[in-house]
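Structure file final_12.txt (compact mmCIF, C-alpha atoms and all ligand atoms) is printed below.
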```txt
# COMPACT_ATOMS: atom_id res chain seq x y z
CA MET J 412 31.16 -58.44 -129.01
CA ASN J 413 33.92 -58.38 -126.39
CA MET J 414 33.83 -54.95 -124.87
CA GLN J 415 35.59 -55.86 -121.64
CA GLN J 416 39.04 -56.75 -122.91
CA VAL J 417 40.27 -54.66 -125.78
CA GLU J 418 43.63 -55.75 -127.20
CA ALA J 419 46.16 -52.98 -127.83
CA GLY J 420 46.93 -52.22 -131.47
CA ALA J 421 44.69 -54.95 -132.86
CA GLY J 422 42.98 -54.41 -136.20
CA ARG J 423 39.64 -56.02 -136.97
CA ARG J 424 37.91 -57.42 -140.05
CA VAL J 425 34.15 -57.50 -140.43
CA GLN J 426 32.47 -59.54 -143.16
CA VAL J 427 29.33 -58.44 -144.98
CA PRO J 428 28.02 -61.78 -146.32
CA LEU J 429 25.74 -60.63 -149.12
CA GLY J 430 26.19 -63.56 -151.51
CA GLU J 431 27.69 -62.40 -154.80
CA ARG J 432 27.88 -58.86 -153.36
CA ALA J 433 29.79 -59.97 -150.23
CA TYR J 434 32.68 -57.81 -149.04
CA GLU J 435 35.10 -57.23 -146.21
CA ILE J 436 35.59 -54.20 -143.96
CA VAL J 437 39.24 -53.79 -142.93
CA ILE J 438 39.50 -51.72 -139.72
CA GLU J 439 43.07 -50.97 -138.72
CA PRO J 440 45.34 -48.07 -137.83
CA GLY J 441 47.65 -47.60 -140.84
CA ALA J 442 45.45 -49.60 -143.27
CA LEU J 443 45.79 -46.85 -145.90
CA ARG J 444 49.43 -47.88 -146.42
CA ASN J 445 48.21 -51.32 -147.54
CA ALA J 446 45.39 -49.98 -149.76
CA GLY J 447 47.20 -50.95 -152.99
CA ALA J 448 47.70 -54.55 -151.91
CA LEU J 449 44.14 -54.84 -150.56
CA ILE J 450 42.63 -53.45 -153.77
CA ALA J 451 44.86 -55.56 -156.04
CA ARG J 452 43.85 -58.70 -154.15
CA ARG J 453 40.12 -57.88 -154.44
CA LEU J 454 40.18 -56.51 -158.03
CA PRO J 455 43.32 -57.72 -159.83
CA LYS J 456 44.41 -55.43 -162.70
CA ALA J 457 41.69 -52.82 -162.11
CA ARG J 458 42.50 -49.13 -162.68
CA VAL J 459 40.87 -46.68 -160.29
CA ALA J 460 39.38 -43.19 -160.21
CA ILE J 461 39.82 -41.66 -156.76
CA ILE J 462 37.06 -39.25 -155.72
CA THR J 463 37.99 -37.08 -152.74
CA ASP J 464 37.42 -33.63 -151.28
CA ALA J 465 39.95 -30.81 -150.97
CA THR J 466 40.34 -31.10 -147.18
CA VAL J 467 40.88 -34.87 -147.17
CA ALA J 468 43.18 -34.63 -150.20
CA GLY J 469 45.43 -32.22 -148.29
CA PHE J 470 45.89 -34.75 -145.49
CA HIS J 471 45.67 -38.22 -147.03
CA LEU J 472 45.70 -38.31 -150.86
CA GLY J 473 49.49 -38.58 -151.00
CA SER J 474 49.42 -41.76 -148.87
CA LEU J 475 46.79 -43.37 -151.11
CA HIS J 476 48.74 -42.44 -154.27
CA ALA J 477 51.91 -43.94 -152.76
CA ALA J 478 50.09 -47.16 -151.83
CA LEU J 479 48.64 -47.51 -155.35
CA ASP J 480 51.97 -46.70 -157.05
CA GLU J 481 53.70 -49.34 -154.95
CA THR J 482 51.40 -52.00 -156.39
CA GLY J 483 51.30 -50.58 -159.94
CA ILE J 484 47.60 -49.63 -159.88
CA GLY J 485 46.86 -46.89 -162.43
CA HIS J 486 44.88 -43.97 -161.00
CA GLU J 487 43.12 -40.71 -161.79
CA THR J 488 41.97 -38.26 -159.10
CA ILE J 489 38.94 -35.98 -158.98
CA THR J 490 38.98 -33.50 -156.10
CA LEU J 491 35.71 -31.80 -155.10
CA PRO J 492 34.86 -29.10 -152.55
CA ALA J 493 34.35 -30.35 -148.98
CA GLY J 494 30.88 -30.25 -147.43
CA GLU J 495 27.28 -31.45 -147.72
CA LYS J 496 26.45 -29.17 -150.68
CA THR J 497 28.76 -31.37 -152.80
CA LYS J 498 26.09 -34.13 -152.74
CA SER J 499 24.42 -32.48 -155.76
CA PHE J 500 23.51 -33.16 -159.39
CA ALA J 501 26.20 -30.67 -160.49
CA HIS J 502 28.99 -32.59 -158.79
CA LEU J 503 27.54 -35.95 -159.84
CA ILE J 504 27.94 -34.76 -163.45
CA ASP J 505 31.54 -33.70 -162.73
CA VAL J 506 32.38 -37.17 -161.40
CA VAL J 507 30.60 -39.10 -164.17
CA ASP J 508 32.27 -36.98 -166.89
CA ALA J 509 35.72 -37.32 -165.35
CA VAL J 510 35.42 -41.12 -164.99
CA LEU J 511 34.26 -41.47 -168.60
CA ALA J 512 36.95 -39.08 -169.86
CA ALA J 513 39.54 -41.25 -168.10
CA ARG J 514 38.10 -44.21 -170.08
CA LEU J 515 37.63 -46.37 -167.02
CA GLU J 516 35.90 -49.62 -167.87
CA ARG J 517 33.13 -51.45 -166.06
CA GLY J 518 35.67 -53.78 -164.45
CA ASP J 519 37.64 -50.82 -163.09
CA ALA J 520 36.77 -49.12 -159.81
CA ILE J 521 35.78 -45.82 -158.31
CA VAL J 522 37.51 -45.26 -154.97
CA ALA J 523 35.88 -42.89 -152.47
CA LEU J 524 38.53 -41.30 -150.24
CA GLY J 525 36.63 -39.13 -147.76
CA GLY J 526 33.65 -38.83 -145.47
CA GLY J 527 30.04 -39.76 -146.11
CA VAL J 528 29.52 -36.96 -148.62
CA ILE J 529 32.23 -38.28 -150.94
CA GLY J 530 31.20 -41.90 -150.29
CA ASP J 531 27.52 -41.28 -151.12
CA LEU J 532 28.32 -39.25 -154.26
CA ALA J 533 31.09 -41.52 -155.57
CA GLY J 534 29.01 -44.62 -154.84
CA PHE J 535 26.10 -43.18 -156.81
CA ALA J 536 28.42 -42.46 -159.76
CA ALA J 537 29.81 -46.01 -159.54
CA GLY J 538 26.25 -47.37 -159.56
CA ILE J 539 25.30 -45.62 -162.81
CA VAL J 540 28.45 -45.24 -164.95
CA ARG J 541 28.45 -48.03 -167.57
CA ARG J 542 25.41 -49.33 -165.60
CA GLY J 543 27.55 -50.19 -162.63
CA MET J 544 31.28 -50.16 -161.91
CA HIS J 545 33.19 -51.54 -158.96
CA PHE J 546 33.30 -49.28 -155.94
CA ILE J 547 35.76 -49.17 -153.05
CA GLN J 548 35.22 -47.17 -149.89
CA VAL J 549 38.18 -45.62 -148.07
CA PRO J 550 36.24 -43.78 -145.33
CA THR J 551 38.16 -41.03 -143.57
CA SER J 552 35.58 -39.61 -141.11
CA LEU J 553 34.31 -41.44 -138.03
CA LEU J 554 30.81 -41.25 -139.46
CA ALA J 555 31.90 -42.87 -142.71
CA GLN J 556 33.89 -45.61 -140.91
CA VAL J 557 30.95 -46.64 -138.71
CA ASP J 558 28.04 -46.07 -141.05
CA SER J 559 28.05 -44.57 -144.55
CA SER J 560 30.79 -46.79 -146.06
CA VAL J 561 28.80 -49.93 -145.21
CA GLY J 562 25.50 -51.05 -146.68
CA GLY J 563 25.36 -49.64 -150.19
CA LYS J 564 23.04 -46.64 -149.79
CA THR J 565 24.36 -43.98 -152.18
CA GLY J 566 22.90 -40.72 -153.42
CA ILE J 567 22.59 -36.97 -153.47
CA ASN J 568 20.35 -34.37 -151.82
CA SER J 569 17.55 -32.27 -153.27
CA PRO J 570 16.01 -29.02 -152.00
CA HIS J 571 12.99 -31.32 -151.39
CA GLY J 572 14.94 -33.47 -148.94
CA LYS J 573 17.96 -35.58 -148.06
CA ASN J 574 19.28 -38.42 -150.23
CA LEU J 575 16.18 -38.31 -152.43
CA VAL J 576 18.03 -39.41 -155.58
CA GLY J 577 20.31 -42.43 -155.52
CA VAL J 578 20.76 -46.17 -155.90
CA PHE J 579 21.69 -49.14 -153.77
CA HIS J 580 25.20 -50.11 -154.85
CA GLN J 581 27.40 -52.14 -152.52
CA PRO J 582 31.14 -51.53 -152.31
CA SER J 583 33.55 -54.36 -153.14
CA LEU J 584 35.80 -53.52 -150.21
CA VAL J 585 35.95 -51.04 -147.30
CA ILE J 586 39.34 -49.91 -145.99
CA ALA J 587 38.95 -48.00 -142.70
CA ASP J 588 42.28 -46.64 -141.44
CA THR J 589 41.43 -45.55 -137.90
CA ALA J 590 44.61 -43.44 -137.67
CA VAL J 591 43.37 -41.02 -140.35
CA LEU J 592 40.71 -39.91 -137.85
CA ASP J 593 43.47 -38.05 -135.97
CA THR J 594 43.25 -35.23 -138.54
CA LEU J 595 39.45 -34.95 -138.28
CA SER J 596 38.16 -31.81 -136.54
CA PRO J 597 36.70 -32.36 -133.05
CA ARG J 598 33.30 -31.17 -134.30
CA GLU J 599 33.25 -33.77 -137.11
CA PHE J 600 34.48 -36.51 -134.75
CA ARG J 601 31.60 -35.72 -132.39
CA ALA J 602 29.13 -35.75 -135.30
CA GLY J 603 30.27 -39.25 -136.29
CA TYR J 604 29.97 -40.37 -132.67
CA ALA J 605 26.21 -39.74 -132.85
CA GLU J 606 25.91 -42.62 -135.35
CA VAL J 607 28.03 -44.84 -133.04
CA ALA J 608 25.69 -44.13 -130.12
CA LYS J 609 22.77 -44.85 -132.47
CA TYR J 610 23.64 -48.57 -132.61
CA GLY J 611 23.41 -48.76 -128.82
CA LEU J 612 20.11 -46.93 -128.81
CA ILE J 613 18.59 -49.13 -131.52
CA ASP J 614 19.05 -52.52 -129.85
CA LYS J 615 22.37 -52.70 -127.93
CA PRO J 616 21.83 -51.25 -124.45
CA ASP J 617 25.11 -52.83 -123.21
CA PHE J 618 27.01 -51.04 -125.96
CA PHE J 619 25.37 -47.73 -125.00
CA ALA J 620 26.38 -48.28 -121.37
CA TRP J 621 29.94 -49.17 -122.52
CA LEU J 622 30.04 -45.91 -124.51
CA GLU J 623 28.89 -43.93 -121.48
CA LYS J 624 31.99 -45.29 -119.67
CA ASN J 625 34.50 -45.34 -122.51
CA TRP J 626 33.60 -42.49 -124.85
CA GLN J 627 36.64 -40.41 -123.92
CA ARG J 628 38.95 -43.30 -124.88
CA VAL J 629 37.09 -43.66 -128.19
CA PHE J 630 37.77 -39.97 -128.85
CA ASP J 631 41.41 -40.25 -127.76
CA GLY J 632 42.20 -43.16 -130.11
CA GLY J 633 43.69 -46.53 -129.29
CA PRO J 634 41.95 -49.89 -128.90
CA GLU J 635 38.60 -48.53 -127.70
CA ARG J 636 38.28 -46.53 -130.93
CA VAL J 637 38.89 -49.65 -133.03
CA GLU J 638 36.45 -51.58 -130.84
CA ALA J 639 33.68 -48.98 -131.18
CA ILE J 640 34.12 -48.87 -134.95
CA ALA J 641 34.13 -52.67 -135.25
CA VAL J 642 31.03 -53.09 -133.06
CA SER J 643 29.26 -50.43 -135.15
CA CYS J 644 30.21 -52.10 -138.44
CA GLU J 645 29.13 -55.52 -137.13
CA ALA J 646 25.79 -54.06 -136.04
CA LYS J 647 25.21 -52.38 -139.38
CA ALA J 648 26.37 -55.39 -141.41
CA GLU J 649 23.94 -57.65 -139.56
CA VAL J 650 20.98 -55.40 -140.35
CA VAL J 651 22.01 -54.87 -143.98
CA VAL J 652 22.41 -58.60 -144.59
CA ALA J 653 18.94 -59.21 -143.14
CA ASP J 654 17.25 -56.43 -145.15
CA GLU J 655 19.53 -55.02 -147.85
CA ARG J 656 16.95 -52.78 -149.55
CA GLU J 657 15.07 -51.56 -146.48
CA SER J 658 11.80 -53.36 -146.89
CA GLY J 659 11.57 -53.71 -143.10
CA ARG J 660 14.13 -53.93 -140.31
CA ARG J 661 16.78 -51.72 -141.98
CA ALA J 662 14.55 -48.71 -141.26
CA LEU J 663 15.76 -48.99 -137.63
CA LEU J 664 19.10 -47.53 -138.83
CA ASN J 665 17.06 -44.38 -139.44
CA LEU J 666 16.62 -43.72 -135.70
CA GLY J 667 16.72 -39.93 -135.29
CA HIS J 668 16.80 -39.35 -139.05
CA THR J 669 13.16 -38.41 -139.74
CA PHE J 670 13.68 -35.35 -137.54
CA GLY J 671 17.38 -34.96 -138.44
CA HIS J 672 16.95 -35.00 -142.21
CA ALA J 673 14.15 -32.42 -142.02
CA LEU J 674 16.46 -30.19 -139.97
CA GLU J 675 19.28 -30.58 -142.52
CA ALA J 676 16.94 -29.63 -145.36
CA ALA J 677 15.48 -26.76 -143.32
CA THR J 678 18.99 -25.38 -142.79
CA GLU J 679 19.71 -25.79 -146.53
CA TYR J 680 22.55 -28.29 -145.95
CA ASP J 681 24.62 -25.46 -144.50
CA GLY J 682 27.34 -27.26 -142.54
CA SER J 683 28.22 -24.13 -140.62
CA ARG J 684 24.81 -24.50 -138.90
CA LEU J 685 24.24 -28.23 -138.79
CA VAL J 686 26.06 -31.32 -140.08
CA HIS J 687 24.40 -34.71 -140.54
CA GLY J 688 25.61 -36.33 -137.30
CA GLU J 689 24.46 -33.30 -135.31
CA GLY J 690 21.03 -33.54 -136.92
CA VAL J 691 20.98 -37.23 -135.94
CA ALA J 692 21.97 -36.39 -132.34
CA ILE J 693 19.12 -33.88 -132.00
CA GLY J 694 16.80 -36.25 -133.87
CA MET J 695 17.57 -39.17 -131.53
CA VAL J 696 16.85 -37.04 -128.47
CA LEU J 697 13.60 -35.89 -130.09
CA ALA J 698 12.70 -39.52 -130.92
CA HIS J 699 13.16 -40.49 -127.25
CA GLU J 700 11.27 -37.43 -125.99
CA PHE J 701 8.45 -38.01 -128.44
CA SER J 702 8.31 -41.68 -127.37
CA ASN J 703 7.97 -40.46 -123.78
CA ARG J 704 5.19 -38.08 -124.80
CA MET J 705 3.38 -41.05 -126.40
CA ASN J 706 3.78 -42.98 -123.08
CA LEU J 707 6.09 -45.50 -124.69
CA ALA J 708 9.38 -44.69 -122.95
CA SER J 709 10.35 -43.20 -119.62
CA ALA J 710 11.40 -39.57 -119.20
CA ASP J 711 14.53 -40.89 -117.44
CA ASP J 712 15.67 -42.75 -120.56
CA ALA J 713 15.12 -39.68 -122.74
CA ALA J 714 17.11 -37.60 -120.25
CA ARG J 715 19.90 -40.23 -120.17
CA VAL J 716 20.27 -40.10 -123.96
CA ALA J 717 20.36 -36.30 -123.98
CA ALA J 718 22.84 -36.22 -121.08
CA HIS J 719 25.30 -38.55 -122.80
CA LEU J 720 25.18 -36.80 -126.17
CA ARG J 721 25.52 -33.42 -124.46
CA GLN J 722 28.44 -34.75 -122.39
CA VAL J 723 30.44 -35.52 -125.55
CA GLY J 724 29.66 -32.02 -126.85
CA LEU J 725 26.86 -32.75 -129.33
CA PRO J 726 23.83 -30.49 -129.80
CA THR J 727 20.66 -32.05 -128.37
CA ARG J 728 17.97 -29.35 -128.73
CA LEU J 729 16.43 -27.45 -131.62
CA SER J 730 17.61 -24.24 -129.96
CA ASP J 731 21.22 -25.47 -130.31
CA ILE J 732 20.98 -24.89 -134.09
CA PRO J 733 22.15 -21.36 -134.86
CA GLY J 734 20.11 -19.09 -137.13
CA GLY J 735 16.49 -20.03 -136.39
CA LEU J 736 14.25 -22.71 -137.86
CA PRO J 737 11.05 -22.67 -139.92
CA PRO J 738 7.74 -23.34 -138.12
CA ALA J 739 6.52 -26.82 -137.16
CA GLU J 740 4.26 -26.99 -140.28
CA ARG J 741 7.28 -26.63 -142.57
CA LEU J 742 9.31 -29.26 -140.69
CA LEU J 743 6.38 -31.67 -140.90
CA ASP J 744 6.06 -30.90 -144.59
CA LEU J 745 9.74 -31.76 -145.12
CA MET J 746 9.26 -35.02 -143.21
CA GLY J 747 6.57 -35.88 -145.76
CA GLN J 748 9.39 -36.42 -148.31
CA ASP J 749 11.05 -39.06 -146.11
CA LYS J 750 11.67 -42.31 -148.01
CA LYS J 751 9.93 -44.27 -145.24
CA VAL J 752 6.58 -42.62 -146.09
CA VAL J 753 4.03 -45.20 -147.28
CA ARG J 754 0.88 -43.97 -149.05
CA GLY J 755 1.33 -40.58 -147.46
CA ARG J 756 1.77 -42.01 -143.95
CA LEU J 757 4.87 -41.10 -141.95
CA THR J 758 6.98 -43.87 -140.46
CA PHE J 759 8.99 -43.08 -137.33
CA ILE J 760 11.57 -45.01 -135.39
CA LEU J 761 10.32 -44.81 -131.81
CA THR J 762 11.50 -46.53 -128.66
CA ARG J 763 10.37 -48.22 -125.46
CA GLY J 764 13.67 -47.29 -123.82
CA ILE J 765 17.44 -47.44 -124.31
CA GLY J 766 18.15 -50.12 -126.93
CA GLN J 767 14.46 -50.86 -127.55
CA SER J 768 13.71 -49.07 -130.79
CA PHE J 769 10.93 -50.12 -133.13
CA ILE J 770 9.28 -49.08 -136.38
CA ALA J 771 6.01 -47.16 -135.93
CA ASP J 772 3.76 -46.46 -138.93
CA ASP J 773 0.75 -45.24 -136.98
CA VAL J 774 2.01 -41.98 -135.52
CA PRO J 775 -0.66 -39.25 -135.71
CA PRO J 776 0.84 -36.26 -137.60
CA ALA J 777 -1.12 -33.92 -135.27
CA GLU J 778 0.88 -35.29 -132.31
CA VAL J 779 4.16 -34.70 -134.14
CA HIS J 780 3.04 -31.20 -135.04
CA ALA J 781 2.10 -30.35 -131.46
CA PHE J 782 5.38 -31.83 -130.19
CA LEU J 783 7.48 -29.84 -132.64
CA LYS J 784 5.59 -26.64 -131.83
CA GLU J 785 6.40 -27.17 -128.18
CA LYS J 786 10.06 -27.88 -128.90
CA LEU J 787 10.39 -24.82 -131.15
CA ALA J 788 8.81 -22.49 -128.61
N1 LIG J 801 25.08 -44.03 -147.13
C1 LIG J 801 24.82 -44.16 -145.84
O1 LIG J 801 24.45 -45.23 -145.35
C2 LIG J 801 25.03 -42.98 -144.94
C3 LIG J 801 25.07 -43.18 -143.56
C4 LIG J 801 25.29 -42.08 -142.74
C5 LIG J 801 25.48 -40.81 -143.30
N2 LIG J 801 25.46 -40.68 -144.65
C6 LIG J 801 25.74 -39.38 -145.27
O2 LIG J 801 27.09 -39.04 -144.96
C7 LIG J 801 27.22 -37.62 -144.97
C8 LIG J 801 27.95 -37.17 -143.73
O3 LIG J 801 29.23 -37.77 -143.71
P1 LIG J 801 30.44 -37.10 -142.92
O4 LIG J 801 29.99 -36.73 -141.57
O5 LIG J 801 31.60 -37.97 -143.10
O6 LIG J 801 30.61 -35.73 -143.69
P2 LIG J 801 31.69 -35.21 -144.75
O7 LIG J 801 31.93 -36.20 -145.80
O8 LIG J 801 31.25 -33.86 -145.15
O9 LIG J 801 33.00 -35.12 -143.86
C9 LIG J 801 33.00 -34.22 -142.79
C10 LIG J 801 34.11 -33.16 -142.92
O10 LIG J 801 35.31 -33.75 -142.47
C11 LIG J 801 36.33 -33.62 -143.45
N3 LIG J 801 37.14 -34.82 -143.31
C12 LIG J 801 36.79 -36.10 -143.60
N4 LIG J 801 37.77 -36.93 -143.23
C13 LIG J 801 38.76 -36.18 -142.72
C14 LIG J 801 40.02 -36.47 -142.15
N5 LIG J 801 40.45 -37.72 -141.98
N6 LIG J 801 40.78 -35.44 -141.74
C15 LIG J 801 40.34 -34.16 -141.85
N7 LIG J 801 39.15 -33.82 -142.36
C16 LIG J 801 38.38 -34.82 -142.79
C17 LIG J 801 35.63 -33.45 -144.76
O11 LIG J 801 36.43 -32.75 -145.68
C18 LIG J 801 34.38 -32.67 -144.33
O12 LIG J 801 34.70 -31.30 -144.29
C19 LIG J 801 25.83 -37.05 -145.07
O13 LIG J 801 25.60 -36.63 -146.38
C20 LIG J 801 24.93 -38.23 -144.73
O14 LIG J 801 23.68 -38.13 -145.34
C21 LIG J 801 25.24 -41.73 -145.47
O1 LIG J 802 22.12 -47.36 -143.91
C1 LIG J 802 20.98 -47.04 -143.56
O2 LIG J 802 19.99 -47.70 -143.87
C2 LIG J 802 20.77 -45.82 -142.75
O3 LIG J 802 19.64 -45.40 -142.55
C3 LIG J 802 21.98 -45.14 -142.20
C4 LIG J 802 21.78 -43.65 -141.93
O4 LIG J 802 22.70 -43.31 -140.92
C5 LIG J 802 22.13 -42.78 -143.14
O5 LIG J 802 22.12 -41.44 -142.76
C6 LIG J 802 21.33 -43.02 -144.39
O6 LIG J 802 21.90 -42.34 -145.47
C7 LIG J 802 19.92 -42.55 -144.26
O7 LIG J 802 19.19 -43.18 -145.24
P1 LIG J 802 17.91 -42.57 -145.93
O8 LIG J 802 17.36 -43.74 -146.68
O9 LIG J 802 16.99 -42.08 -144.85
O10 LIG J 802 18.36 -41.48 -146.81
ZN ZN J 803 22.86 -41.12 -140.75
```
Using structure tokens, write down the structure that the file contains.
Ligand SMILES: NC(=O)c1ccc[n+]([C@@H]2O[C@H](COP(=O)([O-])OP(=O)(O)OC[C@H]3O[C@@H](n4cnc5c(N)ncnc54)[C@H](O)[C@@H]3O)[C@@H](O)[C@H]2O)c1
Ligand SMILES: O=C(O)C(=O)C[C@@H](O)[C@H](O)[C@H](O)COP(=O)(O)O
Ligand SMILES: [Zn+2]
Amino acid sequence: MNMQQVEAGAGRRVQVPLGERAYEIVIEPGALRNAGALIARRLPKARVAIITDATVAGFHLGSLHAALDETGIGHETITLPAGEKTKSFAHLIDVVDAVLAARLERGDAIVALGGGVIGDLAGFAAGIVRRGMHFIQVPTSLLAQVDSSVGGKTGINSPHGKNLVGVFHQPSLVIADTAVLDTLSPREFRAGYAEVAKYGLIDKPDFFAWLEKNWQRVFDGGPERVEAIAVSCEAKAEVVVADERESGRRALLNLGHTFGHALEAATEYDGSRLVHGEGVAIGMVLAHEFSNRMNLASADDAARVAAHLRQVGLPTRLSDIPGGLPPAERLLDLMGQDKKVVRGRLTFILTRGIGQSFIADDVPPAEVHAFLKEKLA
């Protein structure tokens, strides 16, 4: 990681060395223009079904079509509504039916052009149609470029909780065009930034300190944006290669998510109230505050995390979520559906300070309940 000198205009490539499931992440402004050539090199002669949402299609579908036409790649397009509620059984059926109707074969590919919602849904479809098709991620949100397009977690939501139905299915290629982020709304850019900060808070205190200094440049675009995305992808790739199916260390990538996912479910996946990255921002602050309450981390570190996230414009408190929340009992109940639960016991990602996160499976639920009650008051 070279965060001191950032070369102007440079693209980056990050490898995910997962044996026969290995793939490359191409991070570059303008990469979408080369999507046809990149896909043809990785999957010669494959046809593709593009899954996208209406907002992203309006901005970027034409460029992807042009890139595929240039290289003679046959394509179908399925356009879904934008937003978290699209990660549902109903839309999974739409995608599966459309891919089968287009007679795509197992050796063909599903291409996700969009944010994490489209990536998670399209990846799930790719994992189950004909028992597994190729899958290519073309992430268009900051969150998707730094997190959801890498690592192979796919799935949909349930009223019982987030991402409760899905499969692990790695992409064959990730094409992250950092220039497409210029059309992303400021709110969605901020939400994705929460997952960038997460890597610093897990185990990269120098990266967190770099972000505190450089976040404005990351937002503005240019080399710092590419650098932050590349560092994030390297961090995620390293964890995924070490623990692809989350039997241990990968759970660290869930920092802030036990709280955050419960908040998303409690607000019924209503993006006008809370989007995923915002839930993660509040969840990471709560994880640091709870760690302080358990005498694990200092109050100063918890305050530093909250101050930085607030500085970039992210919500950091439960009271920042409009429309009211259910009581602590209900939030705890929702956390009970977390995939990290083992024999009924909650697992949390706690911390000893900035960049010192760890997996805790011995957290007394009564402490969490009391903490949440306090925070809701
Ligand atoms: N699989 C994983 O490892 C993983 C990791 C993190 C998050 N996730 C999931 O990802 C989802 C959140 O992803 P997200 O934040 O990208 O949400 P999203 O897919 O809903 O995208 C956010 C919004 O931005 C719009 N958008 C996307 N790219 C755009 C662009 N370039 N220009 C203009 N508008 C654009 C979308 O239409 C949408 O309205 C959640 O469902 C979360 O659970 C998955
Ligand atoms: O890739 C992972 O592993 C993560 O935990 C990344 C998270 O940012 C992401 O939100 C993921 O979808 C959460 O996973 P889940 O298993 O808790 O649903
Ligand atoms: Zn996340």
- Glu495 of chain J: which residues within 7 Å, counting all atoms listed in the file, same-chain residues fewer than 4 positions away excluded, as JSON, numbers by chain? {"J": [528, 680, 682]}
- Message: Can you tell me which residues surround Val591 of chain J at a distance of at most 8 Å, considering all atoms listed in the file, apart from same-chain residues fewer than 4 positions away, and format the answer as JSON, numbers by chain?
- Response: {"J": [440, 441, 471, 551, 552, 595]}
At a cut-off of 7 Å, can you tabulate as CSV every residue of chain J near ligand LIG 801 (chain J) together with its closest atom pair and the distance in Å to one decimal, using only C-alpha atoms and all ligand atoms and ordering rows by chain then number?
```
residue,atom,partner,partner_atom,distance
J:Asp464,CA,J:LIG801,O11,5.8
J:Ala465,CA,J:LIG801,O11,6.6
J:Thr466,CA,J:LIG801,O11,4.5
J:Val467,CA,J:LIG801,C16,5.0
J:Phe470,CA,J:LIG801,N6,6.4
J:Ala493,CA,J:LIG801,O11,4.6
J:Gly494,CA,J:LIG801,O8,4.3
J:Glu495,CA,J:LIG801,O8,5.3
J:Lys498,CA,J:LIG801,O13,6.9
J:Gly525,CA,J:LIG801,C12,5.1
J:Gly526,CA,J:LIG801,O7,3.2
J:Gly527,CA,J:LIG801,O3,3.2
J:Val528,CA,J:LIG801,O7,3.8
J:Ile529,CA,J:LIG801,O7,5.6
J:Asp531,CA,J:LIG801,N1,5.4
J:Thr551,CA,J:LIG801,N4,4.1
J:Ser552,CA,J:LIG801,N4,4.1
J:Leu553,CA,J:LIG801,O5,6.7
J:Leu554,CA,J:LIG801,O5,5.0
J:Ala555,CA,J:LIG801,O5,4.9
J:Asp558,CA,J:LIG801,C3,4.8
J:Ser559,CA,J:LIG801,C3,3.4
J:Ser560,CA,J:LIG801,N1,6.4
J:Val561,CA,J:LIG801,O1,6.4
J:Gly562,CA,J:LIG801,O1,6.1
J:Gly563,CA,J:LIG801,N1,6.4
J:Lys564,CA,J:LIG801,N1,4.2
J:Thr565,CA,J:LIG801,N1,5.1
J:Lys573,CA,J:LIG801,O14,6.8
J:Asn574,CA,J:LIG801,O14,6.6
J:Val591,CA,J:LIG801,N5,4.7
J:Leu592,CA,J:LIG801,N5,4.7
J:Asp593,CA,J:LIG801,N5,6.7
J:Thr594,CA,J:LIG801,N6,4.0
J:Leu595,CA,J:LIG801,N6,3.7
J:Ser596,CA,J:LIG801,C15,6.2
J:Glu599,CA,J:LIG801,C9,5.7
J:Ala602,CA,J:LIG801,O4,6.4
J:Gly603,CA,J:LIG801,O4,5.9
J:Val686,CA,J:LIG801,O4,6.9
J:His687,CA,J:LIG801,C19,5.3
J:Gly688,CA,J:LIG801,O4,6.1
```
- Task: Measuring atom to atom with only C-alpha atoms and all ligand atoms, identify which of J:Ala590, J:Ile693, J:Ala533, J:Ala433 is nearest to ligand ZN 803 (chain J).
- Result: J:Ile693
- Item | Shell around Glu606 of chain J at 12 Å using only C-alpha atoms, local window under 2 positions removed, as number ranges by chain | J: 527, 552-559, 599-604, 608-613, 619, 639-640, 642-644, 646-647, 664-668, 671, 687-695, 720, 725
- Query: Can you tell me how far atom CA of Thr589 of chain J sits from atom CA of Leu663 of chain J, in Å to one decimal?
  - Reply: 25.9 Å
- Point out the residue among J:Ser658, J:Arg728, J:Ile586, J:Trp621 with the least atom-to-atom distance to Val753 of chain J, counting only C-alpha atoms.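 The closest residue to Val753 of chain J is J:Ser658.
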- Item | Within 7 Å of file point (32.7, -39.3, -157.0), counting only C-alpha atoms, expressed as a VMD selection string | chain J and resid 462 503 506 523 529 532 to 534 536
